[in-house]
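Engineer: Questions regarding the structure given below will be posed in turn.
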Amino acid sequence: MRDLDSLALYDALPPDEQAAVAAALAEQPALAEAFARWRSLRADVRVDLAQALPDRALLVLYALADDDLLSVDEQDRLEAVRPDIEAAVATHPGLAAAVRRIQADRDAFEQAWAEAASETAEPADVAPIEATPIEEETVAPRTAPRRSAPDRSALRASQRPTRWVWRAASVLAVVAFAAVATYLFNRDAGWETITAQSDTVVTLPDGSTADLAAGATLMVPEAGAEDARQARLLGGGALFRIEHDAAAPFTVTTLNARVAVLGTTFAVEAADVETEVVLVAGAVEVASDGDPEAAVRLEPGQRTRVLALDAPEAPVRADLGATLAAVDAGAGETAEGIAALLGERFGVSVAVDDALAHERLSVAPSGDDAEAALDALARALGARLVAEGDAFRIAAR
Amino acid sequence: MTPFDPALVARAQAGDAAVRERLLADVTGPLRGFFRSRIGAGPEADDLVQNALLRVHRGLDALQNPARFKAFAMKAALFELQDFYRGRYSSREALFDPDLPTPGRVGPEDVALRVDLERALATLSEHARAILEMRELGYPYAEIAAALDTTEAAVKMQVKRAFEKLRGVLAGAATALILTLAHSALGL
């Protein structure tokens with residue numbers, strides 16, 4: 001190992017160096033323990049930040065609040081939580097720095113906007129992009145320095161062949177994008193799009209629900225749609241609880257995969273070319289858009305992943321705690337809800353004392369069996385786990 | 001009329017597909033310039049451009065004031081950038097690699113490894129805390145350096161110092177826990 005540097009900056013190391021660190025730690029238990037504490041501390045920092053600021057989008061709104069950039073709805077939303085955000089920013093220097101960074105991002109956007117406008121405006125025969133006038137009182141668009149007339153004509157003469165190549169390429173790019181936009185516009189007709197600015201529970205037309213993690217985008221059929229048993233997860237994480245209907249399987253599609261559902265609870269994390277499905281309870285089949293015949297059937301507690309248009313990977317055991325934490329982090333799942341999921345997962349009956357039932361956790365517990373998982377949940381609540389025959393109860397201390 | 005003229009934005013909202021296409025095509029350049037200025041010109045920047053365009057496309061109908069299209073596009077880009085930081089560093093790490101043998105991984109069962117967060121962080125300077133917190137918010141070290149007006153090397157040095165400093169605090173916490181347990185066992 002290079003030294004302690006490798007441990008402190010482990011998260012920034014390339015995979016081969018991380019593997020070397022892991023091998024070295026296996027032979028140095030004391031160092032491994034120190035490293036474990038370091039990671040524990042950083043995980044606690046992450047949890048602490050998530051509790052102080054459950055919705056990152058609000059930090060963006062907070063950073064932009066003084067620039068007349070927010071809509072009325074956004075202003076109302078921000079004002080409702082402003083004292084909490086101010087307290088969080090005052091307590092956490094990292095959040096204060098993040099606010100300043102977002103404001104620098106705002107300035108960079110203004111600059112990119114102005115530069116695009118000036119670049120497009122230069123050729124006389126191309127329609128200019130105009131910086132939106134109503135927003136310009138805060139940041140003036142940057143204007144490119146003017147060249148003298150002789151210089152400009154000489155430059156154009158020397159660049160003429162190249163200009164036509166670029167112009168043709170630009171036209172092709174616009175045509176290609178227009179085709180995509182048209183496809184999206186037509187495809188989205190009859191669908192409602194929901195982008196979760198914070199953790200959100202969405203009730204689907206058939207009564208199923210989807211817990212959307214902040215930033216997730218879900219499309220659902222509009223009311224009265226012929227086929228209500230479908231949804232499209234365009235990005236982000238979601239935990240679906242599907243109403244059972246053996247005669248009408250529910251389908252969730254992502255940009256590269258399709259999940260056929262019978263009646264179940266499962267989580268999906270979707271990116272442009274990657275979809276991960278974790279099954280909590282019930283049964284699902286996962287297929288890639290590239291090879292719909294090569295579907296994989298998941299058992300409860302298993303996960304699979306679809307990369308690009310490849311067939312789904314072979315199912316492996318999932319870390320349900322991490323999955324639930326990732327999907328439900330932020331607003332958090334209630335103790336009662338997590339207990340119900342774990343009970344369903346392990347096939348046991350679980351009760352939670354009323355005093356604890358509505359506590360929200362930003363991190364869900366994990367464990368290989370019912371008792372371990374429920375004990376972790378109880379400890380996270382500062383409670384204790386009581387075995388009552390074949391059932392369990394999480395009791396206040 | 002220009003592509004971002006409020007009247008054209010309103011037409012796009014009203015269902016004019018050709019105008020909507022033009023609007024989206026014209027906002028691509030500023031978005032690409034913005035993301036490249038923040039995270040470089042790699043494929044991730046192109047992904048962010050596409051995702052931000054989708055946000056604009058899907059949110060356009062809900063835009064109440066067409067004259068505020070630029071602010072609307074800006075927020076789409078900033079939300080996307082925050083999601084990028086958050087997803088790359090925190091939630092994806094937890095969701096996609098739960099079974100990787102990450103050394104020193106700590107689960108809820110590792111109670112003995114947990115430390116008093118407030119006490120530990122109190123030993124660090126505000127600058128060091130800002131670095132650690134920004135990292136846990138998902139910012140790369142280079143971005144943290146830019147945000148704090150310093151160099152990436154200096155930021156990494158601060159992290160190393162924090163680790164060295166906290167090793168003592170963390171070891172002290174463990175000792176205290178062991179002593180407490182021993183006293184309890186002896187009935188002291």
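Labeling convention for the structure tokens: chains A, B, ... as they appear, residues from 1 per chain, ligands from 1 in order of appearance.
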Counting only C-alpha atoms, what is within 9 Å of B:Met74, bar same-chain residues fewer than 5 positions away, as a list in words?

Structural biologist: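 Final neighbour list, sorted by chain and number: Leu69, Arg106, Phe109 and Glu110 of chain A; Leu31, Phe69 and Phe79 of chain B.
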
Engineer: Residues near A:Ala335, anyone? I mean within 10 Å using only C-alpha atoms, not counting same-chain ones fewer than 5 positions away, as a PDB file with C-alpha atoms, in the first residue's frame.

Structural biologist:
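Result went into part.pdb, see below:
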```
ATOM      1  CA  ALA A 340     -44.009  -4.871   6.509  1.00  0.00           C
ATOM      2  CA  LEU A 341     -41.585  -5.214   3.613  1.00  0.00           C
ATOM      3  CA  VAL A 352     -44.436  -2.319  15.460  1.00  0.00           C
ATOM      4  CA  ASP A 353     -45.461  -0.441  18.596  1.00  0.00           C
ATOM      5  CA  LEU A 356     -42.570   3.815  16.687  1.00  0.00           C
ATOM      6  CA  ALA A 357     -44.737   2.931  13.710  1.00  0.00           C
ATOM      7  CA  HIS A 358     -44.529   6.301  11.999  1.00  0.00           C
ATOM      8  CA  GLU A 359     -40.841   6.978  12.631  1.00  0.00           C
ATOM      9  CA  ARG A 360     -39.109   7.537   9.343  1.00  0.00           C
ATOM     10  CA  LEU A 361     -35.734   6.055   8.575  1.00  0.00           C
ATOM     11  CA  ALA A 364     -33.159   0.720   5.817  1.00  0.00           C
ATOM     12  CA  LEU A 377     -34.400  -2.154  12.282  1.00  0.00           C
ATOM     13  CA  ALA A 378     -35.156  -2.165  16.001  1.00  0.00           C
ATOM     14  CA  ALA A 380     -31.960   1.831  14.232  1.00  0.00           C
ATOM     15  CA  LEU A 381     -35.125   2.951  16.025  1.00  0.00           C
ATOM     16  CA  ILE A 394     -40.544  -4.102  17.623  1.00  0.00           C
TER      17      ILE A 394
END
```

Engineer: Let me make sure I understand: among A:Asp44, A:Glu336, A:Glu74, A:Glu388, which one has the smallest atom-to-atom distance to B:Asp116 if we use only C-alpha atoms?

Structural biologist: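 The shortest atom-to-atom distance to B:Asp116 comes from A:Asp44.
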
Engineer: Residues of stretch 201-360 of chain A classed as alpha helix (DSSP H) by DSSP on the backbone are to be reported as a ChimeraX atom specification.

Structural biologist: /A:320-328,335-346,354-357
